[in-house]
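J.: This one is model-v6.cif, mmCIF, C-alpha atoms and all ligand atoms.
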data_target
#
loop_
_atom_site.label_atom_id
_atom_site.label_comp_id
_atom_site.auth_asym_id
_atom_site.auth_seq_id
_atom_site.Cartn_x
_atom_site.Cartn_y
_atom_site.Cartn_z
CA MET A 14 0.00 0.00 0.00
CA GLN A 15 1.25 3.48 -0.85
CA PHE A 16 0.11 6.22 1.49
CA VAL A 17 -1.06 8.71 -1.13
CA PRO A 18 -3.80 11.39 -1.26
CA ALA A 19 -5.78 9.09 -3.57
CA LEU A 20 -6.74 7.30 -0.33
CA LEU A 21 -8.46 10.44 0.98
CA PRO A 22 -11.98 9.76 -0.35
CA SER A 23 -12.18 6.41 1.45
CA LEU A 24 -10.56 7.85 4.60
CA ILE A 25 -12.99 10.78 4.68
CA GLN A 26 -15.93 8.46 4.06
CA ALA A 27 -14.89 6.27 6.99
CA ILE A 28 -14.65 9.32 9.25
CA ASP A 29 -18.04 10.57 8.11
CA GLN A 30 -19.55 7.19 8.92
CA VAL A 31 -17.99 6.72 12.34
CA ILE A 32 -19.00 10.19 13.51
CA GLU A 33 -22.53 9.65 12.20
CA THR A 34 -22.79 6.31 14.04
CA ASN A 35 -21.55 7.77 17.32
CA ALA A 36 -23.14 11.22 17.05
CA GLU A 37 -25.66 10.77 19.85
CA GLU A 38 -23.10 9.43 22.28
CA VAL A 39 -20.65 12.28 21.59
CA THR A 40 -23.40 14.87 21.86
CA ALA A 41 -24.29 13.49 25.28
CA LEU A 42 -20.63 13.85 26.32
CA ASP A 43 -20.45 17.47 25.14
CA GLN A 44 -23.78 18.19 26.81
CA ALA A 45 -22.48 16.87 30.11
CA ILE A 46 -19.45 19.18 30.32
CA GLY A 47 -19.67 21.48 27.27
CA ASP A 48 -22.40 23.13 25.23
CA GLY A 49 -23.44 20.10 23.18
CA ASP A 50 -22.48 21.38 19.74
CA HIS A 51 -19.27 19.44 19.14
CA VAL A 52 -20.69 16.76 16.82
CA THR A 53 -22.75 19.22 14.80
CA ASN A 54 -19.67 21.42 14.41
CA LEU A 55 -17.53 18.50 13.32
CA GLN A 56 -20.12 17.05 10.97
CA ARG A 57 -20.35 20.39 9.14
CA GLY A 58 -16.61 20.15 8.46
CA ILE A 59 -16.69 16.48 7.49
CA LYS A 60 -19.57 17.03 5.04
CA ALA A 61 -17.52 19.83 3.43
CA LEU A 62 -14.59 17.40 3.13
CA VAL A 63 -16.84 14.75 1.57
CA ALA A 64 -17.85 17.32 -1.05
CA GLN A 65 -14.15 18.09 -1.73
CA SER A 66 -13.03 14.43 -1.76
CA ASP A 67 -12.41 14.01 -5.47
CA GLU A 68 -10.50 17.27 -5.64
CA LEU A 69 -8.39 16.38 -2.57
CA ALA A 70 -7.47 13.02 -4.12
CA GLN A 71 -5.72 14.83 -6.99
CA LEU A 72 -3.46 16.97 -4.79
CA ASP A 73 -0.11 16.23 -3.18
CA TRP A 74 -0.05 15.86 0.62
CA ALA A 75 1.08 19.44 1.30
CA ALA A 76 -1.78 20.90 -0.75
CA ALA A 77 -4.32 18.35 0.50
CA TRP A 78 -3.54 18.95 4.18
CA GLN A 79 -3.62 22.72 3.61
CA LYS A 80 -7.06 22.49 2.01
CA ILE A 81 -8.37 20.13 4.69
CA GLY A 82 -7.08 22.49 7.39
CA MET A 83 -8.71 25.55 5.85
CA THR A 84 -11.99 23.68 5.43
CA MET A 85 -11.95 22.54 9.06
CA MET A 86 -11.20 26.09 10.24
CA THR A 87 -13.99 27.69 8.26
CA ALA A 88 -16.66 24.98 8.33
CA VAL A 89 -16.35 23.49 11.84
CA GLY A 90 -16.25 26.55 14.07
CA GLY A 91 -16.04 26.30 17.86
CA ALA A 92 -12.79 25.61 19.65
CA SER A 93 -12.36 22.33 17.82
CA GLY A 94 -12.57 23.94 14.35
CA SER A 95 -9.51 26.08 14.86
CA LEU A 96 -7.67 23.24 16.61
CA TYR A 97 -8.36 20.57 13.98
CA GLY A 98 -7.67 23.23 11.33
CA THR A 99 -4.33 24.08 12.94
CA LEU A 100 -3.40 20.38 13.00
CA PHE A 101 -3.72 20.00 9.24
CA VAL A 102 -2.29 23.38 8.24
CA ALA A 103 0.80 22.64 10.37
CA MET A 104 1.05 19.16 8.81
CA SER A 105 0.99 20.83 5.40
CA LYS A 106 3.85 23.13 6.42
CA ALA A 107 5.86 20.14 7.67
CA ALA A 108 5.29 18.08 4.51
CA ARG A 109 8.38 17.46 2.41
CA GLU A 110 9.14 16.09 -1.01
CA GLN A 111 9.77 12.46 -0.25
CA PRO A 112 7.91 9.19 -0.26
CA LEU A 113 5.70 9.36 2.79
CA ASP A 114 7.00 6.47 4.89
CA LEU A 115 6.06 5.90 8.51
CA GLN A 116 8.92 7.96 9.88
CA ALA A 117 8.09 10.96 7.70
CA PHE A 118 4.40 10.72 8.59
CA ALA A 119 5.20 10.38 12.30
CA GLU A 120 7.29 13.56 12.18
CA ILE A 121 4.70 15.47 10.15
CA PHE A 122 1.84 14.41 12.43
CA SER A 123 3.91 15.35 15.49
CA SER A 124 4.48 18.84 14.04
CA GLY A 125 0.72 19.15 13.65
CA VAL A 126 0.10 18.09 17.24
CA ASP A 127 2.75 20.52 18.52
CA ALA A 128 0.92 23.31 16.68
CA VAL A 129 -2.37 22.29 18.34
CA LYS A 130 -0.66 22.46 21.75
CA LEU A 131 0.53 26.00 20.98
CA ARG A 132 -2.81 27.10 19.54
CA GLY A 133 -4.81 25.70 22.47
CA LYS A 134 -2.15 26.64 25.04
CA ALA A 135 -2.70 23.13 26.32
CA ASP A 136 -0.81 19.92 26.98
CA ALA A 137 -1.51 16.32 27.92
CA GLY A 138 -3.55 15.82 31.09
CA GLU A 139 -5.94 18.75 30.58
CA LYS A 140 -8.90 16.64 29.38
CA THR A 141 -8.92 17.57 25.69
CA MET A 142 -8.34 16.02 22.27
CA LEU A 143 -4.62 16.35 23.06
CA ASP A 144 -4.90 13.41 25.45
CA VAL A 145 -5.47 11.30 22.33
CA LEU A 146 -3.32 13.18 19.81
CA ILE A 147 -0.13 13.44 21.91
CA PRO A 148 0.21 9.71 22.78
CA VAL A 149 -0.71 8.72 19.21
CA ALA A 150 2.03 11.00 17.83
CA ALA A 151 4.52 9.54 20.33
CA GLY A 152 3.47 5.99 19.41
CA LEU A 153 3.97 6.68 15.70
CA ARG A 154 7.45 8.07 16.30
CA GLN A 155 8.34 5.13 18.54
CA GLY A 156 7.01 2.60 16.03
CA ALA A 157 9.04 4.22 13.25
CA ALA A 158 12.20 4.38 15.38
CA ASP A 159 11.88 0.72 16.39
CA GLY A 160 11.12 -0.44 12.85
CA VAL A 161 7.80 -1.98 13.90
CA ALA A 162 5.76 -3.52 11.06
CA LEU A 163 3.06 -1.15 9.78
CA ALA A 164 0.22 -3.54 10.65
CA ASP A 165 1.40 -3.62 14.26
CA VAL A 166 1.87 0.15 14.36
CA LEU A 167 -1.75 0.57 13.22
CA GLY A 168 -2.98 -1.77 15.96
CA ASN A 169 -0.92 0.09 18.56
CA VAL A 170 -2.23 3.44 17.35
CA ALA A 171 -5.84 2.29 17.77
CA ARG A 172 -5.19 0.96 21.28
CA THR A 173 -3.29 4.13 22.26
CA ALA A 174 -6.12 6.35 20.99
CA ILE A 175 -8.71 4.38 22.98
CA ALA A 176 -6.59 4.47 26.15
CA GLY A 177 -6.06 8.24 25.71
CA MET A 178 -9.77 8.84 25.23
CA GLU A 179 -10.60 6.74 28.32
CA SER A 180 -7.96 8.57 30.37
CA THR A 181 -9.87 11.85 30.05
CA ARG A 182 -12.78 10.49 32.10
CA ASP A 183 -11.17 11.06 35.48
CA MET A 184 -9.24 14.18 34.55
CA LEU A 185 -10.01 17.66 35.76
CA ALA A 186 -10.65 19.95 32.77
CA THR A 187 -8.37 22.97 32.78
CA LYS A 188 -8.97 24.13 29.18
CA GLY A 189 -12.07 24.88 27.12
CA ARG A 190 -15.67 25.15 28.30
CA ALA A 191 -15.44 22.05 30.50
CA SER A 192 -12.95 23.92 32.72
CA PHE A 193 -15.79 26.18 33.90
CA LEU A 194 -17.21 23.15 35.75
CA GLU A 195 -14.00 22.62 37.70
CA GLU A 196 -14.33 19.44 39.87
CA ARG A 197 -17.68 18.60 38.26
CA SER A 198 -15.87 18.02 34.96
CA ARG A 199 -14.54 14.74 36.38
CA GLY A 200 -16.38 11.53 35.53
CA HIS A 201 -17.11 12.40 31.88
CA ILE A 202 -15.04 11.61 28.80
CA ASP A 203 -14.05 14.71 26.82
CA ALA A 204 -16.02 15.02 23.58
CA GLY A 205 -13.03 16.14 21.50
CA ALA A 206 -10.93 13.26 22.82
CA LYS A 207 -13.76 10.91 21.84
CA THR A 208 -14.11 12.24 18.27
CA SER A 209 -10.31 12.22 17.82
CA GLN A 210 -10.21 8.58 18.94
CA LEU A 211 -13.14 7.60 16.72
CA MET A 212 -11.61 9.27 13.66
CA ILE A 213 -8.15 7.80 14.29
CA CYS A 214 -9.61 4.30 14.72
CA ALA A 215 -11.64 4.74 11.51
CA LEU A 216 -8.48 5.79 9.61
CA VAL A 217 -6.59 2.81 11.05
CA GLY A 218 -9.43 0.51 9.94
CA VAL A 219 -9.25 1.68 6.31
CA LEU A 220 -5.44 1.51 6.22
CA ALA A 221 -5.31 -1.93 7.86
CA GLU A 222 -7.80 -3.23 5.30
CA ARG A 223 -5.71 -1.80 2.43
CA LEU A 224 -2.60 -3.37 3.90
CA THR A 225 -4.05 -6.87 3.77
CA ALA A 226 -5.96 -6.44 0.50
CA PRO A 227 -4.33 -8.08 -2.55
CA ALA A 228 -2.55 -5.42 -4.61
P1 LIG A 301 -16.62 24.72 21.84
O1 LIG A 301 -15.99 24.27 23.13
O2 LIG A 301 -16.15 26.07 21.39
O3 LIG A 301 -18.11 24.54 21.86
P2 LIG A 301 -16.41 22.23 20.38
O4 LIG A 301 -17.57 21.76 21.18
O5 LIG A 301 -16.51 22.05 18.90
O6 LIG A 301 -16.05 23.74 20.71
O7 LIG A 301 -15.09 21.45 20.83
C1 LIG A 301 -14.83 21.17 22.17
C2 LIG A 301 -13.57 20.31 22.26
O8 LIG A 301 -12.41 21.05 21.88
C3 LIG A 301 -13.28 19.82 23.66
O9 LIG A 301 -13.97 18.62 23.90
C4 LIG A 301 -11.77 19.65 23.68
O10 LIG A 301 -11.37 18.34 23.29
C5 LIG A 301 -11.29 20.61 22.63
N1 LIG A 301 -10.66 21.78 23.24
C6 LIG A 301 -11.26 22.87 23.75
N2 LIG A 301 -10.35 23.76 24.18
C7 LIG A 301 -9.12 23.22 23.93
C8 LIG A 301 -7.75 23.66 24.11
N3 LIG A 301 -7.46 24.84 24.64
N4 LIG A 301 -6.77 22.83 23.70
C9 LIG A 301 -7.05 21.63 23.13
N5 LIG A 301 -8.31 21.18 22.92
C10 LIG A 301 -9.32 21.95 23.33
MG MG A 302 -19.06 22.64 22.24
#
Take the structure in this file and express it as structure tokens.
T.:
Amino acid sequence: MQFVPALLPSLIQAIDQVIETNAEEVTALDQAIGDGDHVTNLQRGIKALVAQSDELAQLDWAAAWQKIGMTMMTAVGGASGSLYGTLFVAMSKAAREQPLDLQAFAEIFSSGVDAVKLRGKADAGEKTMLDVLIPVAAGLRQGAADGVALADVLGNVARTAIAGMESTRDMLATKGRASFLEERSRGHIDAGAKTSQLMICALVGVLAERLTAPA
């Protein structure tokens, strides 16, 4: 399998589907400690990406990530729109002319996550999407450094994303709307951590399937 933008339509479709399937659950999470709009915000962005799918498939990674980032920024709105937008725009800036192997992707994704940390003035342990994104970025870098087989890296990424999402349940929120609740923010999974995990697991699912499919 070559990791090329031609994969984007099926990746975007998988994300669209997983968010649709879990919309009610995520809305309930954002209602518990936020304002309840997270899924609607995100779905607006994903629908815009679905509409751009064919166009995105023709671009190189730098241009595709730039376009995805701008679409997320303008179509999603809310805190998550600018954060997801920042992730992809920073990935675009970090993209280089080279075959996109695991190590290159791990570095590019990590640059994106670093930009989200700066933009949100947040770090791991604050009950946000970063509690999924940071360990996933670290796992990718570690997998690349250790020369782990791609199929195993994908499995590890999915497990890491789920563990990160689960870890937000008992955290105290110190960023975003949930922080207004202080101690009462504990006991609920963060909505942005949940959608990040769902999207990452959906991406892993598509890639794992491609990996085992006959060429
Ligand atoms: P809003 O909070 O503006 O209504 P959304 O509901 O779309 O925006 O997104 C909320 C999610 O954004 C949270 O669940 C959290 O994961 C993430 N988030 C909010 N603030 C920050 C921040 N400063 N850094 C990182 N992530 C954040
Ligand atoms: Mg919200």
J.: Using all atoms listed in the file, what are the residues with an atom within 6 Å of ligand LIG 301 (chain A), set out as a ChimeraX atom specification?
T.: /A:48,50-51,54,91-93,133-135,141-143,188-190,203-206
J.: Of the candidates A:Ala191, A:Val170, A:Ala75, A:Leu220, which shows the shortest atom-to-atom distance to ligand MG 302 (chain A), using all atoms listed in the file?
T.: A:Ala191
J.: With distances taken over all atoms listed in the file, which of A:Ala103, A:Asp165, A:Ala41, A:Phe193 is nearest to Leu224 in chain A?
T.: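 So, comparing all the options, the nearest one is A:Asp165.
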J.: Separation of CA of Ile213 in chain A and CA of Ala45 in chain A, in Å?
T.: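 Between these atoms lies a distance of 23.2 Å.
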J.: Please put the answer as AutoDock Vina command-line options: centre and edge lengths, in Å with one decimal, of a box along x, y and z that encloses all listed atoms of range 100-118 of chain A plus 5 Å on each side.
T.:
--center_x 3.0 --center_y 14.6 --center_z 6.0 --size_x 23.5 --size_y 27.5 --size_z 24.0
J.: Just how far from CA of Ala36 in chain A is CA of Leu62 in chain A, in Å to one decimal?
T.: 17.5 Å
J.: What does the distance from CA of Asp183 in chain A to CA of Leu55 in chain A come to in Å, to one decimal?
T.: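 Those two atoms sit 24.2 Å apart.
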J.: For Gly177 in chain A, please output as a ChimeraX atom specification all residues within 9 Å (counting all atoms listed in the file; exclusion window: fewer than 3 positions along the same chain).
T.: /A:142-149,172-174,180-181,206,210
J.: Taking only C-alpha atoms into account, name the residue in A:Gly90, A:Gly152, A:Gly98, A:Gly138 that is nearest to Val52 in chain A.
T.: A:Gly90
J.: Leu194 in chain A: which residues within 10 Å, counting all atoms listed in the file, same-chain residues fewer than 4 positions away excluded, as a list in words?
T.: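 My list of contacting residues is Ala45, Ile46, Gly47, Leu185, Ala186, Thr187, Arg190, Ser198 and Arg199 of chain A.
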J.: Just checking: using only C-alpha atoms and all ligand atoms, which residue out of A:Ala107, A:Ile121, A:Met212, A:Leu42 ends up closest to ligand MG 302 (chain A)?
T.: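 Selected residue with least distance to ligand MG 302 (chain A): A:Leu42.
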J.: Which is closest to Ala164 in chain A among A:Gln56, A:Thr87, A:Thr225, A:Gln116, if we use all atoms listed in the file?
T.: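 Using all atoms listed in the file, the shortest distance to Ala164 in chain A belongs to A:Thr225.
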J.: Would you please work out which residue, of A:Val166, A:Ala61, A:Val89, A:Met83, is nearest to ligand MG 302 (chain A) when using all atoms listed in the file?
T.: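 Looking at the shortest contact to ligand MG 302 (chain A), the residue is A:Val89.
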J.: Excluding Ala128 in chain A and any residue of its chain fewer than 3 positions from it, enumerate the residues within 9 Å of it, using all atoms listed in the file, and give them as a compact mmCIF listing (two decimals) with C-alpha atoms, in the coordinates of the input.
T.:
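For reference, around23.txt as written:
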# COMPACT_ATOMS: atom_id res chain seq x y z
CA LEU A 96 -7.67 23.24 16.61
CA THR A 99 -4.33 24.08 12.94
CA LEU A 100 -3.40 20.38 13.00
CA ALA A 103 0.80 22.64 10.37
CA MET A 104 1.05 19.16 8.81
CA SER A 123 3.91 15.35 15.49
CA SER A 124 4.48 18.84 14.04
CA GLY A 125 0.72 19.15 13.65
CA LEU A 131 0.53 26.00 20.98
CA ARG A 132 -2.81 27.10 19.54
CA GLY A 133 -4.81 25.70 22.47
J.: Taking 2 positions as the minimum chain separation for residues in the same chain, which residues sit within 10 Å of Val219 in chain A when counting all atoms listed in the file? Answer as a list of chain:residue names.
T.: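 Contacts, with the query itself left out: A:Leu20, A:Ser23, A:Leu24, A:Ile25, A:Gln26, A:Ala27, A:Ile28, A:Cys214, A:Ala215, A:Leu216, A:Val217, A:Ala221, A:Glu222, A:Arg223, A:Leu224.
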J.: For range 143-169 of chain A, where the input has fewer atoms than it should, I would like N, CA, C and O atoms rebuilt and written as a short mmCIF file (atom, residue, chain, number, x, y, z; two decimals), in the coordinates of the input.
T.:
data_model
loop_
_atom_site.label_atom_id
_atom_site.label_comp_id
_atom_site.auth_asym_id
_atom_site.auth_seq_id
_atom_site.Cartn_x
_atom_site.Cartn_y
_atom_site.Cartn_z
N LEU A 143 -6.07 16.58 22.98
CA LEU A 143 -4.62 16.35 23.06
C LEU A 143 -4.27 15.09 23.84
O LEU A 143 -3.20 14.52 23.64
N ASP A 144 -5.16 14.64 24.70
CA ASP A 144 -4.90 13.41 25.45
C ASP A 144 -4.98 12.18 24.55
O ASP A 144 -4.55 11.10 24.94
N VAL A 145 -5.51 12.35 23.36
CA VAL A 145 -5.47 11.30 22.33
C VAL A 145 -4.33 11.60 21.34
O VAL A 145 -3.52 10.73 21.02
N LEU A 146 -4.27 12.84 20.87
CA LEU A 146 -3.32 13.18 19.81
C LEU A 146 -1.86 13.04 20.25
O LEU A 146 -1.03 12.55 19.47
N ILE A 147 -1.54 13.48 21.46
CA ILE A 147 -0.13 13.44 21.91
C ILE A 147 0.39 12.00 22.02
O ILE A 147 1.44 11.69 21.44
N PRO A 148 -0.32 11.09 22.72
CA PRO A 148 0.21 9.71 22.78
C PRO A 148 0.21 9.01 21.42
O PRO A 148 1.10 8.19 21.16
N VAL A 149 -0.72 9.34 20.55
CA VAL A 149 -0.71 8.72 19.21
C VAL A 149 0.52 9.18 18.43
O VAL A 149 1.21 8.38 17.80
N ALA A 150 0.83 10.48 18.51
CA ALA A 150 2.03 11.00 17.83
C ALA A 150 3.28 10.32 18.38
O ALA A 150 4.17 9.90 17.62
N ALA A 151 3.35 10.18 19.70
CA ALA A 151 4.52 9.54 20.33
C ALA A 151 4.62 8.08 19.89
O ALA A 151 5.72 7.58 19.60
N GLY A 152 3.48 7.40 19.82
CA GLY A 152 3.47 5.99 19.41
C GLY A 152 3.93 5.81 17.97
O GLY A 152 4.64 4.86 17.64
N LEU A 153 3.53 6.74 17.11
CA LEU A 153 3.97 6.68 15.70
C LEU A 153 5.48 6.85 15.61
O LEU A 153 6.15 6.12 14.89
N ARG A 154 5.99 7.83 16.34
CA ARG A 154 7.45 8.07 16.30
C ARG A 154 8.20 6.86 16.84
O ARG A 154 9.21 6.43 16.28
N GLN A 155 7.69 6.29 17.94
CA GLN A 155 8.34 5.13 18.54
C GLN A 155 8.31 3.93 17.58
O GLN A 155 9.31 3.24 17.39
N GLY A 156 7.15 3.71 16.97
CA GLY A 156 7.01 2.60 16.03
C GLY A 156 7.98 2.74 14.86
O GLY A 156 8.58 1.76 14.42
N ALA A 157 8.13 3.97 14.37
CA ALA A 157 9.04 4.22 13.25
C ALA A 157 10.49 4.00 13.69
O ALA A 157 11.26 3.35 13.00
N ALA A 158 10.82 4.50 14.88
CA ALA A 158 12.20 4.38 15.38
C ALA A 158 12.57 2.91 15.62
O ALA A 158 13.70 2.49 15.36
N ASP A 159 11.60 2.13 16.08
CA ASP A 159 11.88 0.72 16.39
C ASP A 159 11.70 -0.19 15.19
O ASP A 159 11.88 -1.41 15.30
N GLY A 160 11.31 0.38 14.05
CA GLY A 160 11.12 -0.44 12.85
C GLY A 160 10.00 -1.45 12.98
O GLY A 160 10.05 -2.55 12.41
N VAL A 161 8.95 -1.08 13.72
CA VAL A 161 7.80 -1.98 13.90
C VAL A 161 7.03 -2.11 12.57
O VAL A 161 6.91 -1.13 11.84
N ALA A 162 6.52 -3.31 12.29
CA ALA A 162 5.76 -3.52 11.06
C ALA A 162 4.52 -2.63 11.05
O ALA A 162 3.90 -2.41 12.10
N LEU A 163 4.16 -2.12 9.88
CA LEU A 163 3.06 -1.15 9.78
C LEU A 163 1.75 -1.69 10.36
O LEU A 163 1.02 -0.95 11.04
N ALA A 164 1.47 -2.96 10.12
CA ALA A 164 0.22 -3.54 10.65
C ALA A 164 0.20 -3.46 12.17
O ALA A 164 -0.84 -3.16 12.78
N ASP A 165 1.34 -3.68 12.80
CA ASP A 165 1.40 -3.62 14.26
C ASP A 165 1.33 -2.18 14.75
O ASP A 165 0.71 -1.90 15.78
N VAL A 166 1.95 -1.27 14.00
CA VAL A 166 1.87 0.15 14.36
C VAL A 166 0.41 0.59 14.35
O VAL A 166 -0.06 1.27 15.27
N LEU A 167 -0.33 0.17 13.32
CA LEU A 167 -1.75 0.57 13.22
C LEU A 167 -2.54 0.05 14.42
O LEU A 167 -3.34 0.78 15.02
N GLY A 168 -2.30 -1.20 14.79
CA GLY A 168 -2.98 -1.77 15.96
C GLY A 168 -2.63 -1.01 17.24
O GLY A 168 -3.51 -0.69 18.04
N ASN A 169 -1.35 -0.67 17.38
CA ASN A 169 -0.92 0.09 18.56
C ASN A 169 -1.56 1.46 18.60
O ASN A 169 -1.94 1.95 19.66
#
